[in-house]
2 protein chains.
Amino acid sequence: MTGFGAFSAGGSAPRIGWRDGGEVVDLSALGDVYAQQSLNALLALGRDAWADALAAARTHDGPRIPLADATLRLPFEVADYVDFYSSLEHATNMGRIFRPGTDPLPPSWRSMPLGYHGRAGTVVVSGTDVVRPHGQLKPADAEAPVFAPSRRLDFELELGFVVGVASRGEPVSPERFADHVFGVVLVNDWSARDIQAWESVPLGPFLGKSFQTSISPWVTPLALLEEYRVEAPAQDPPPLPYLSGGRDWALDLALEVALNGSVVSRGNARTLYWTMPQQLAHATSNGAALRTGDLMASGTISGAVRGSEGSLIELTRNGTEPLRLADGSERTFLEDGDEVVLRGRAGDVELGEVRGRVVDSGLLAY
Amino acid sequence: MTGFGAFSAGGSAPRIGWRDGGEVVDLSALGDVYAQQSLNALLALGRDAWADALAAARTHDGPRIPLADATLRLPFEVADYVDFYSSLEHATNMGRIFRPGTDPLPPSWRSMPLGYHGRAGTVVVSGTDVVRPHGQLKPADAEAPVFAPSRRLDFELELGFVVGVASRGEPVSPERFADHVFGVVLVNDWSARDIQAWESVPLGPFLGKSFQTSISPWVTPLALLEEYRVEAPAQDPPPLPYLSGGRDWALDLALEVALNGSVVSRGNARTLYWTMPQQLAHATSNGAALRTGDLMASGTISGAVRGSEGSLIELTRNGTEPLRLADGSERTFLEDGDEVVLRGRAGDVELGEVRGRVVDSGLLAY
């Protein structure tokens, strides 16, 4: 694995490190920007400085800490968090489940990368337990909603990008994507499907998502992914001019989800219909400012073949076809104690994994 | 007007001030917490310290700066921004406009305060111009969407509350509202109705709102509003237990919107169906953490009588009944050059007004 992150070890102050296999290289001797509790200072410096940082990190002769001895922090302070809905296969699957009998794709889905704002304050680093959320649910056979622990807790396999260079009111065209974006992380956008289903009309997801989102401890710089850029799937109809660039920014990035050690999903980020530069161009097309630390995620990445879906609701056909795990047990949605791990790899470049275990919410007082 | 804010004057460093009529009392001599560029340090201190701060501010013999000589800043750094949909009359009006022929209230509307996350990074202080956003729109007579300046730019009159004391995974019951919340601001959640209409299914509002949200420069402490607390309108059906408190937290707060000097809306915050404590309890019911600086707004406040609606789309019946302004001109939606001012008053306590002027986006390069 490789990438920049923030860590502490042996009681040290937080600092910036470079992940190199099973070790973390302490970069704090490289200067003030590296003696920080998050990557934000480095993120703000821009593309030339990022290239210098990458060269320095890969050759720096600093202390090497075994990963087991490092406490990994959230790698950057998240400014705003936007979650898109960029996978054609995922959007189609979700439409079939949540709006049966209608065209599964929303009317504007092929015209632009739909998205919404998530809760930045509950983005956490890999390894953080996820507490099963309570919420309002309306079971199919109930007349009125109840307040109860979610019974349909799910993961979502996503790819996120991290904004380094801010902007103030200027749209960022797809061609300028790499001037603003530092790198990528894997994202698990944990979802309580029963809470989400009852709350989402007409304002979209809220408490079904806002309890927690987990990301990689390591941000992989875009520069390391250059050679894995491929052309994205053809778009029909062709997008409007402000979204017409950035089609050469699909990533040939193999993805997998392991549940209690069993790999339950295998996909690839290259299947995404809307690319990251298109997502950023859309998010700024109304003049919205960007801040250092903005996180924008793809939405669940699902492929066209069975077993490539990036969420349990899709993999189990809304819970009707349970998965069988290696230990012989079956799953529709997540049970307490379950551990989910997201992994991504492009050639030799492995993204930071995202690990999280489900714990019950018995200790919360209501 | 009255409240705490952040300002600079005569080239000074930013500092905390207390608004007293037409002057700002410089509080920076009161200690480090007041020699800051935002209220966040004060917000984090909690309820006892807030009471002390209020007593100190009202009696402090510091320098008094005429308002005209002060540069007002965004009063606090916004952590996450949540926008609710708490007015029964507004939700009903919007349902009739956007989903004609169906029950205007969404299925779960009476069960909980629906909401969504907005863009924290584009919350700005009163006085900031709003640039007319571009975006994807689909005119009624068009076969395909176009990318163009919004033709249906609107204001939204809202009341927001500001979280001071953070929480980590514990639901905040309605009874504990005032332990976490420092005070209130007026909010203009500018909305591009044409962008919003084309993008909102199924993920809710995104670019139709994210270009800008304007708030008061002065945060009015809850303590000053105690005597204006009234019982909220009856709820049918009764809410679930976790939402059953906080009904004595409606505010008898007279509201108005002026457009180019003509008052076009007069209402009262006491008409809101869901109260602020219910909003906060709901937002934290899934265990979502709160951070100092979280802003939660009511959603548009509309009353039951004609002329009390808090947005142009409602006041003009979706543009079919133009308003006539004092200068003889007519308006359906906002035109370039228009100035909108939101005001709120509870007895002698006047909230900080929210002022904004619409400017065209001719200078943006696409």
# chains A, B, ... in the order shown; residues from 1 in each chain; ligands from 1
>>> interface_residues(of="chain B", to="chain A", cutoff="6 Å", atoms="only C-alpha atoms", output="list in words")
Tyr116, His117, Gly118, Pro133, His134, Gly135, Leu203, Gly204, Phe206, Phe211, Asn286, Gly287 and Ala288 of chain B
>>> residues_around(residues="Gly310 (chain A)", least_positions_apart="2", cutoff="8 Å", atoms="only C-alpha atoms", output="list in words")
His90, Phe155, Glu156, Leu157, Glu158, Val257, Ser265, Gly267, Thr300, Ile301, Ser302, Ser308, Leu312, Glu314 and Leu315 of chain A
>>> calpha_fit_and_write(fixed="chain A", moving="chain B", output="CSV table (one decimal) with C-alpha atoms, in the first residue's frame")
chain,number,residue,atom,x,y,z
B,1,MET,CA,0.0,0.0,0.0
B,2,THR,CA,1.1,3.5,-0.6
B,3,GLY,CA,0.0,7.1,0.0
B,4,PHE,CA,0.3,10.0,2.4
B,5,GLY,CA,-1.4,9.9,5.8
B,6,ALA,CA,-1.3,11.3,9.3
B,7,PHE,CA,-0.2,9.2,12.3
B,8,SER,CA,1.4,9.1,15.7
B,9,ALA,CA,3.6,6.5,17.3
B,10,GLY,CA,5.1,5.9,20.7
B,11,GLY,CA,3.3,8.9,22.1
B,12,SER,CA,4.6,11.2,19.5
B,13,ALA,CA,2.8,14.3,18.3
B,14,PRO,CA,0.8,13.6,15.1
B,15,ARG,CA,2.8,13.9,11.9
B,16,ILE,CA,2.7,13.1,8.2
B,17,GLY,CA,3.9,9.8,7.0
B,18,TRP,CA,4.3,7.8,3.7
B,19,ARG,CA,3.0,4.3,3.7
B,20,ASP,CA,5.6,1.9,2.2
B,21,GLY,CA,4.4,-1.7,2.5
B,22,GLY,CA,4.2,-2.7,6.1
B,23,GLU,CA,5.9,0.4,7.3
B,24,VAL,CA,5.2,4.1,7.7
B,25,VAL,CA,8.1,6.5,6.8
B,26,ASP,CA,8.0,9.5,9.2
B,27,LEU,CA,8.2,12.6,7.0
B,28,SER,CA,8.2,15.2,9.8
B,29,ALA,CA,11.8,16.1,9.3
B,30,LEU,CA,10.9,17.4,5.8
B,31,GLY,CA,9.5,20.6,7.1
B,32,ASP,CA,6.5,22.3,8.8
B,33,VAL,CA,4.0,21.0,6.3
B,34,TYR,CA,4.9,17.5,7.5
B,35,ALA,CA,4.8,18.2,11.2
B,36,GLN,CA,1.0,18.5,11.2
B,37,GLN,CA,-1.9,16.4,12.4
B,38,SER,CA,-3.5,16.3,8.9
B,39,LEU,CA,-2.5,16.6,5.3
B,40,ASN,CA,-4.4,19.8,4.8
B,41,ALA,CA,-1.3,22.1,4.8
B,42,LEU,CA,0.3,19.9,2.1
B,43,LEU,CA,-3.0,19.7,0.2
B,44,ALA,CA,-3.2,23.5,-0.1
B,45,LEU,CA,0.2,23.8,-1.7
B,46,GLY,CA,-0.8,22.8,-5.2
B,47,ARG,CA,0.4,20.6,-8.0
B,48,ASP,CA,4.1,21.4,-8.2
B,49,ALA,CA,4.5,21.0,-4.5
B,50,TRP,CA,2.7,17.7,-4.6
B,51,ALA,CA,5.1,16.4,-7.2
B,52,ASP,CA,8.0,17.5,-5.0
B,53,ALA,CA,6.4,15.9,-2.0
B,54,LEU,CA,5.9,12.6,-3.8
B,55,ALA,CA,9.5,12.5,-4.9
B,56,ALA,CA,10.7,13.4,-1.4
B,57,ALA,CA,8.5,10.8,0.3
B,58,ARG,CA,9.7,8.0,-1.9
B,59,THR,CA,13.3,8.7,-1.2
B,60,HIS,CA,13.3,10.1,2.3
B,61,ASP,CA,15.5,8.4,4.8
B,62,GLY,CA,13.4,9.1,7.8
B,63,PRO,CA,12.4,6.8,10.7
B,64,ARG,CA,10.4,3.7,9.6
B,65,ILE,CA,7.7,2.6,11.9
B,66,PRO,CA,6.1,-0.8,11.7
B,67,LEU,CA,2.5,-0.3,10.8
B,68,ALA,CA,1.4,-2.2,13.9
B,69,ASP,CA,3.1,0.5,16.1
B,70,ALA,CA,1.4,3.4,14.4
B,71,THR,CA,-1.9,5.0,15.3
B,72,LEU,CA,-3.5,6.2,12.1
B,73,ARG,CA,-5.5,9.4,12.0
B,74,LEU,CA,-8.1,10.7,9.7
B,75,PRO,CA,-5.7,11.8,6.9
B,76,PHE,CA,-7.3,15.2,6.3
B,77,GLU,CA,-9.9,17.5,7.8
B,78,VAL,CA,-12.9,17.0,5.7
B,79,ALA,CA,-14.4,20.4,4.6
B,80,ASP,CA,-17.5,19.4,2.7
B,81,TYR,CA,-18.4,15.8,1.7
B,82,VAL,CA,-20.3,15.2,-1.6
B,83,ASP,CA,-21.5,11.8,-2.6
B,84,PHE,CA,-22.3,11.2,-6.2
B,85,TYR,CA,-24.3,8.4,-7.9
B,86,SER,CA,-22.1,7.8,-10.8
B,87,SER,CA,-22.4,4.1,-11.5
B,88,LEU,CA,-25.0,3.3,-14.2
B,89,GLU,CA,-25.4,-0.3,-12.9
B,90,HIS,CA,-25.8,0.8,-9.3
B,91,ALA,CA,-28.4,3.5,-10.1
B,92,THR,CA,-30.3,1.0,-12.2
B,93,ASN,CA,-30.2,-1.6,-9.4
B,94,MET,CA,-31.4,0.9,-6.8
B,95,GLY,CA,-34.2,2.2,-9.0
B,96,ARG,CA,-35.5,-1.3,-9.5
B,97,ILE,CA,-35.4,-1.9,-5.7
B,98,PHE,CA,-36.8,1.4,-4.5
B,99,ARG,CA,-39.1,2.5,-7.3
B,100,PRO,CA,-40.3,-0.8,-8.9
B,101,GLY,CA,-42.5,-0.5,-11.9
B,102,THR,CA,-41.0,2.8,-13.1
B,103,ASP,CA,-38.0,3.6,-15.3
B,104,PRO,CA,-35.1,2.7,-12.9
B,105,LEU,CA,-33.0,5.6,-13.9
B,106,PRO,CA,-34.1,9.0,-12.6
B,107,PRO,CA,-35.0,11.5,-15.5
B,108,SER,CA,-31.8,13.5,-15.2
B,109,TRP,CA,-29.4,10.7,-14.5
B,110,ARG,CA,-27.8,10.5,-18.0
B,111,SER,CA,-27.6,14.3,-18.2
B,112,MET,CA,-25.4,14.9,-15.2
B,113,PRO,CA,-23.6,13.2,-12.3
B,114,LEU,CA,-26.3,13.4,-9.6
B,115,GLY,CA,-25.1,13.9,-6.1
B,116,TYR,CA,-25.9,15.3,-2.6
B,117,HIS,CA,-24.0,16.6,0.4
B,118,GLY,CA,-23.2,14.1,3.2
B,119,ARG,CA,-22.1,14.8,6.7
B,120,ALA,CA,-18.5,15.8,6.8
B,121,GLY,CA,-18.3,15.6,10.6
B,122,THR,CA,-18.9,11.9,10.7
B,123,VAL,CA,-16.2,10.9,8.2
B,124,VAL,CA,-13.8,8.7,10.1
B,125,VAL,CA,-10.6,6.8,9.4
B,126,SER,CA,-10.5,3.1,8.6
B,127,GLY,CA,-10.5,0.9,11.7
B,128,THR,CA,-13.2,2.9,13.5
B,129,ASP,CA,-16.1,0.7,14.6
B,130,VAL,CA,-19.5,1.5,13.1
B,131,VAL,CA,-22.2,1.6,15.7
B,132,ARG,CA,-25.5,0.3,14.4
B,133,PRO,CA,-27.7,3.3,14.1
B,134,HIS,CA,-31.2,3.7,15.5
B,135,GLY,CA,-33.7,5.5,13.4
B,136,GLN,CA,-37.2,5.8,12.1
B,137,LEU,CA,-38.2,2.8,10.0
B,138,LYS,CA,-41.5,1.7,8.6
B,139,PRO,CA,-41.6,-2.1,8.3
B,140,ALA,CA,-43.6,-3.2,5.3
B,141,ASP,CA,-46.3,-4.7,7.4
B,142,ALA,CA,-46.5,-1.8,9.9
B,143,GLU,CA,-49.1,1.0,9.8
B,144,ALA,CA,-46.9,3.5,11.5
B,145,PRO,CA,-43.1,4.0,11.8
B,146,VAL,CA,-41.1,2.8,14.7
B,147,PHE,CA,-37.9,4.0,16.2
B,148,ALA,CA,-35.5,1.1,16.4
B,149,PRO,CA,-32.0,-0.1,15.5
B,150,SER,CA,-31.6,-0.5,11.7
B,151,ARG,CA,-32.2,-4.0,10.5
B,152,ARG,CA,-30.8,-3.3,7.1
B,153,LEU,CA,-27.3,-2.0,7.7
B,154,ASP,CA,-25.2,-2.1,4.5
B,155,PHE,CA,-21.8,-1.0,3.1
B,156,GLU,CA,-21.2,1.0,0.0
B,157,LEU,CA,-17.9,0.6,-2.0
B,158,GLU,CA,-16.9,3.9,-3.4
B,159,LEU,CA,-13.9,5.8,-4.7
B,160,GLY,CA,-13.4,9.4,-3.4
B,161,PHE,CA,-11.2,12.2,-4.4
B,162,VAL,CA,-9.7,14.9,-2.2
B,163,VAL,CA,-9.6,18.6,-3.2
B,164,GLY,CA,-6.3,20.3,-2.4
B,165,VAL,CA,-6.4,23.7,-4.1
B,166,ALA,CA,-9.5,25.8,-3.2
B,167,SER,CA,-11.5,27.9,-5.6
B,168,ARG,CA,-13.8,30.8,-5.1
B,169,GLY,CA,-16.7,30.9,-7.5
B,170,GLU,CA,-15.0,29.7,-10.6
B,171,PRO,CA,-16.3,26.5,-12.3
B,172,VAL,CA,-13.5,23.9,-12.5
B,173,SER,CA,-13.5,22.5,-16.0
B,174,PRO,CA,-12.7,18.8,-16.4
B,175,GLU,CA,-9.4,19.8,-18.0
B,176,ARG,CA,-8.3,21.5,-14.7
B,177,PHE,CA,-9.2,18.5,-12.5
B,178,ALA,CA,-5.6,17.6,-11.7
B,179,ASP,CA,-4.8,21.2,-10.7
B,180,HIS,CA,-7.2,21.0,-7.8
B,181,VAL,CA,-7.3,17.4,-6.8
B,182,PHE,CA,-4.5,15.8,-4.8
B,183,GLY,CA,-5.4,12.2,-4.7
B,184,VAL,CA,-7.9,9.4,-4.0
B,185,VAL,CA,-9.2,7.3,-1.1
B,186,LEU,CA,-11.5,4.3,-0.8
B,187,VAL,CA,-14.8,5.2,0.9
B,188,ASN,CA,-17.3,3.0,2.7
B,189,ASP,CA,-20.5,5.0,2.8
B,190,TRP,CA,-22.3,2.9,5.4
B,191,SER,CA,-26.0,3.0,4.8
B,192,ALA,CA,-29.1,2.0,6.9
B,193,ARG,CA,-31.4,1.0,4.1
B,194,ASP,CA,-34.6,1.0,6.2
B,195,ILE,CA,-33.9,4.5,7.6
B,196,GLN,CA,-33.0,5.7,4.1
B,197,ALA,CA,-36.1,4.3,2.5
B,198,TRP,CA,-38.5,6.0,4.9
B,199,GLU,CA,-36.8,9.4,4.9
B,200,SER,CA,-35.6,10.1,1.4
B,201,VAL,CA,-38.7,11.6,-0.3
B,202,PRO,CA,-38.2,14.4,-1.3
B,203,LEU,CA,-35.0,15.6,0.2
B,204,GLY,CA,-32.7,12.6,-0.4
B,205,PRO,CA,-30.6,10.6,2.0
B,206,PHE,CA,-30.0,12.1,5.5
B,207,LEU,CA,-29.9,10.0,8.7
B,208,GLY,CA,-29.6,6.7,6.7
B,209,LYS,CA,-26.1,7.8,5.9
B,210,SER,CA,-25.0,10.5,8.3
B,211,PHE,CA,-24.0,8.2,11.2
B,212,GLN,CA,-20.6,7.3,9.7
B,213,THR,CA,-18.6,7.3,6.5
B,214,SER,CA,-15.2,5.5,6.6
B,215,ILE,CA,-12.2,6.3,4.4
B,216,SER,CA,-8.7,5.1,3.8
B,217,PRO,CA,-5.9,6.3,6.1
B,218,TRP,CA,-3.7,6.8,3.1
B,219,VAL,CA,-4.4,9.3,0.3
B,220,THR,CA,-2.9,8.0,-3.0
B,221,PRO,CA,-1.7,10.9,-5.1
B,222,LEU,CA,-3.2,11.2,-8.6
B,223,ALA,CA,0.3,11.2,-10.1
B,224,LEU,CA,0.7,7.5,-9.1
B,225,LEU,CA,-2.4,6.6,-11.0
B,226,GLU,CA,-1.5,8.2,-14.3
B,227,GLU,CA,-0.6,5.0,-16.0
B,228,TYR,CA,-3.9,3.4,-15.0
B,229,ARG,CA,-6.1,6.0,-16.6
B,230,VAL,CA,-8.4,4.6,-19.3
B,231,GLU,CA,-11.3,5.8,-21.4
B,232,ALA,CA,-14.6,5.8,-19.6
B,233,PRO,CA,-17.6,3.9,-21.0
B,234,ALA,CA,-19.4,5.8,-23.9
B,235,GLN,CA,-22.1,8.2,-22.8
B,236,ASP,CA,-25.5,8.4,-24.5
B,237,PRO,CA,-26.7,11.1,-24.9
B,238,PRO,CA,-23.4,13.0,-25.2
B,239,PRO,CA,-23.1,15.3,-22.2
B,240,LEU,CA,-23.5,19.1,-22.4
B,241,PRO,CA,-20.3,21.0,-23.2
B,242,TYR,CA,-19.4,21.8,-19.6
B,243,LEU,CA,-19.3,18.1,-18.9
B,244,SER,CA,-17.8,16.9,-22.1
B,245,GLY,CA,-14.2,16.6,-21.0
B,246,GLY,CA,-12.4,14.3,-18.5
B,247,ARG,CA,-13.5,11.1,-20.3
B,248,ASP,CA,-9.9,9.8,-20.2
B,249,TRP,CA,-10.0,9.7,-16.4
B,250,ALA,CA,-11.6,6.4,-15.7
B,251,LEU,CA,-9.2,4.4,-13.5
B,252,ASP,CA,-8.4,0.7,-14.1
B,253,LEU,CA,-8.6,0.0,-10.4
B,254,ALA,CA,-9.6,-3.5,-9.3
B,255,LEU,CA,-11.9,-3.4,-6.3
B,256,GLU,CA,-13.0,-5.9,-3.8
B,257,VAL,CA,-15.1,-6.1,-0.6
B,258,ALA,CA,-14.4,-8.7,2.0
B,259,LEU,CA,-17.0,-9.6,4.7
B,260,ASN,CA,-15.6,-11.5,7.6
B,261,GLY,CA,-12.8,-12.6,5.3
B,262,SER,CA,-15.0,-13.8,2.4
B,263,VAL,CA,-14.7,-11.7,-0.7
B,264,VAL,CA,-18.3,-10.9,-1.6
B,265,SER,CA,-17.7,-8.4,-4.4
B,266,ARG,CA,-15.2,-7.9,-7.1
B,267,GLY,CA,-15.4,-5.0,-9.5
B,268,ASN,CA,-13.5,-2.2,-11.2
B,269,ALA,CA,-13.7,1.6,-10.9
B,270,ARG,CA,-13.3,1.9,-14.7
B,271,THR,CA,-17.0,0.9,-15.1
B,272,LEU,CA,-18.2,4.3,-13.7
B,273,TYR,CA,-20.3,6.2,-16.1
B,274,TRP,CA,-19.4,9.7,-14.8
B,275,THR,CA,-15.7,10.3,-14.2
B,276,MET,CA,-14.1,12.3,-11.4
B,277,PRO,CA,-13.4,15.3,-13.5
B,278,GLN,CA,-17.0,15.4,-14.6
B,279,GLN,CA,-18.1,15.1,-11.0
B,280,LEU,CA,-15.9,18.1,-10.0
B,281,ALA,CA,-17.0,20.1,-13.0
B,282,HIS,CA,-20.6,19.5,-12.2
B,283,ALA,CA,-20.2,20.3,-8.5
B,284,THR,CA,-18.6,23.7,-9.3
B,285,SER,CA,-20.8,24.5,-12.3
B,286,ASN,CA,-23.0,26.8,-10.3
B,287,GLY,CA,-20.0,28.7,-9.0
B,288,ALA,CA,-19.9,26.9,-5.6
B,289,ALA,CA,-16.5,27.4,-3.9
B,290,LEU,CA,-14.2,24.6,-3.2
B,291,ARG,CA,-12.1,24.3,0.0
B,292,THR,CA,-9.0,22.4,0.8
B,293,GLY,CA,-10.2,19.1,2.2
B,294,ASP,CA,-13.4,18.7,0.2
B,295,LEU,CA,-14.1,15.1,-0.3
B,296,MET,CA,-16.2,13.9,-3.3
B,297,ALA,CA,-17.1,10.2,-3.6
B,298,SER,CA,-18.3,8.3,-6.6
B,299,GLY,CA,-21.3,6.6,-5.1
B,300,THR,CA,-21.5,2.9,-5.0
B,301,ILE,CA,-19.5,1.2,-7.7
B,302,SER,CA,-21.3,-1.8,-9.2
B,303,GLY,CA,-20.5,-3.6,-12.4
B,304,ALA,CA,-22.7,-5.4,-14.8
B,305,VAL,CA,-21.9,-8.9,-13.8
B,306,ARG,CA,-23.3,-10.8,-10.8
B,307,GLY,CA,-20.9,-10.5,-7.9
B,308,SER,CA,-19.5,-7.1,-8.9
B,309,GLU,CA,-22.2,-5.1,-7.0
B,310,GLY,CA,-20.8,-2.7,-4.4
B,311,SER,CA,-23.5,-3.1,-1.7
B,312,LEU,CA,-25.3,-5.9,0.0
B,313,ILE,CA,-28.8,-4.6,-1.0
B,314,GLU,CA,-27.7,-5.2,-4.6
B,315,LEU,CA,-25.7,-8.4,-4.0
B,316,THR,CA,-28.6,-10.0,-2.2
B,317,ARG,CA,-31.3,-8.6,-4.4
B,318,ASN,CA,-32.8,-6.5,-1.6
B,319,GLY,CA,-32.3,-9.3,0.9
B,320,THR,CA,-34.1,-12.0,-1.1
B,321,GLU,CA,-30.9,-14.0,-2.1
B,322,PRO,CA,-28.6,-14.3,0.9
B,323,LEU,CA,-24.9,-14.5,0.5
B,324,ARG,CA,-23.1,-17.6,1.9
B,325,LEU,CA,-19.8,-16.7,3.6
B,326,ALA,CA,-16.8,-19.0,4.0
B,327,ASP,CA,-17.8,-19.9,7.5
B,328,GLY,CA,-21.1,-21.3,6.2
B,329,SER,CA,-23.2,-18.5,7.6
B,330,GLU,CA,-25.6,-16.5,5.5
B,331,ARG,CA,-26.0,-12.7,5.2
B,332,THR,CA,-28.6,-10.4,3.8
B,333,PHE,CA,-27.6,-7.3,5.7
B,334,LEU,CA,-24.8,-6.7,8.2
B,335,GLU,CA,-24.9,-8.4,11.7
B,336,ASP,CA,-23.3,-7.1,14.8
B,337,GLY,CA,-19.6,-8.2,14.9
B,338,ASP,CA,-19.3,-8.3,11.1
B,339,GLU,CA,-16.1,-6.8,9.7
B,340,VAL,CA,-16.1,-5.2,6.2
B,341,VAL,CA,-12.9,-4.5,4.3
B,342,LEU,CA,-12.7,-2.5,1.1
B,343,ARG,CA,-9.6,-2.9,-1.1
B,344,GLY,CA,-8.4,-1.3,-4.4
B,345,ARG,CA,-5.4,-2.0,-6.6
B,346,ALA,CA,-4.1,-0.5,-9.8
B,347,GLY,CA,-1.1,-2.6,-10.9
B,348,ASP,CA,1.5,-2.2,-8.2
B,349,VAL,CA,-0.4,0.7,-6.5
B,350,GLU,CA,-2.6,-0.5,-3.7
B,351,LEU,CA,-4.9,2.1,-2.1
B,352,GLY,CA,-5.3,2.2,1.6
B,353,GLU,CA,-7.9,-0.3,2.7
B,354,VAL,CA,-11.0,0.7,4.6
B,355,ARG,CA,-11.9,-1.6,7.5
B,356,GLY,CA,-14.8,-1.4,9.9
B,357,ARG,CA,-16.6,-3.6,12.3
B,358,VAL,CA,-20.3,-3.4,13.2
B,359,VAL,CA,-21.0,-3.0,16.9
B,360,ASP,CA,-24.4,-2.8,18.5
B,361,SER,CA,-25.8,0.4,19.9
B,362,GLY,CA,-26.9,-1.1,23.2
B,363,LEU,CA,-25.0,1.5,25.2
B,364,LEU,CA,-26.8,4.5,23.7
B,365,ALA,CA,-29.5,6.0,25.9
B,366,TYR,CA,-32.7,7.2,24.3
>>> select_by_dssp(residues="region 60-258 of chain B", states="helix (DSSP H, G or I)", output="PyMOL selection string")
chain B and resi 67-69+88-98+120-122+174-180+193-199+222-228+241-243+247-249
>>> select_by_dssp(residues="region 145-270 of chain A", states="strand (DSSP E)", output="PyMOL selection string")
chain A and resi 146-149+153-154+157-163+181-188+191-192+213-215+220-221+229-230+250-251+254-259+262-268
>>> decode(residues="region 144-156 of chain A", atoms="N, CA, C and O atoms", output="CSV table (one decimal), in the first residue's frame")
chain,number,residue,atom,x,y,z
A,144,ALA,N,-47.6,2.3,11.1
A,144,ALA,CA,-46.9,3.5,11.5
A,144,ALA,C,-45.4,3.2,11.7
A,144,ALA,O,-45.0,2.1,11.9
A,145,PRO,N,-44.6,4.2,11.6
A,145,PRO,CA,-43.2,4.0,11.8
A,145,PRO,C,-42.8,3.7,13.2
A,145,PRO,O,-43.6,4.0,14.1
A,146,VAL,N,-41.7,3.1,13.4
A,146,VAL,CA,-41.1,2.8,14.7
A,146,VAL,C,-39.7,3.4,14.8
A,146,VAL,O,-39.1,3.7,13.8
A,147,PHE,N,-39.3,3.6,16.1
A,147,PHE,CA,-37.9,4.0,16.3
A,147,PHE,C,-37.1,2.8,16.8
A,147,PHE,O,-37.4,2.3,17.9
A,148,ALA,N,-36.1,2.3,16.0
A,148,ALA,CA,-35.5,1.1,16.4
A,148,ALA,C,-34.1,1.0,15.7
A,148,ALA,O,-33.8,1.8,14.8
A,149,PRO,N,-33.3,0.0,16.2
A,149,PRO,CA,-32.0,-0.1,15.5
A,149,PRO,C,-32.3,-0.6,14.0
A,149,PRO,O,-33.2,-1.3,13.8
A,150,SER,N,-31.5,-0.1,13.1
A,150,SER,CA,-31.6,-0.5,11.7
A,150,SER,C,-31.4,-2.0,11.6
A,150,SER,O,-30.6,-2.6,12.2
A,151,ARG,N,-32.3,-2.6,10.8
A,151,ARG,CA,-32.2,-4.0,10.5
A,151,ARG,C,-31.6,-4.3,9.2
A,151,ARG,O,-31.5,-5.4,8.7
A,152,ARG,N,-31.3,-3.2,8.4
A,152,ARG,CA,-30.8,-3.3,7.1
A,152,ARG,C,-29.6,-2.5,6.9
A,152,ARG,O,-29.5,-1.6,6.0
A,153,LEU,N,-28.6,-2.8,7.7
A,153,LEU,CA,-27.3,-2.0,7.7
A,153,LEU,C,-26.4,-2.6,6.5
A,153,LEU,O,-26.3,-3.8,6.4
A,154,ASP,N,-25.9,-1.7,5.8
A,154,ASP,CA,-25.2,-2.0,4.5
A,154,ASP,C,-23.9,-1.3,4.4
A,154,ASP,O,-23.6,-0.3,5.1
A,155,PHE,N,-23.0,-1.8,3.5
A,155,PHE,CA,-21.8,-1.0,3.1
A,155,PHE,C,-22.0,-0.5,1.7
A,155,PHE,O,-22.9,-0.9,1.0
A,156,GLU,N,-21.2,0.5,1.4
A,156,GLU,CA,-21.2,1.0,0.0
A,156,GLU,C,-19.7,1.1,-0.4
A,156,GLU,O,-19.0,1.9,0.3
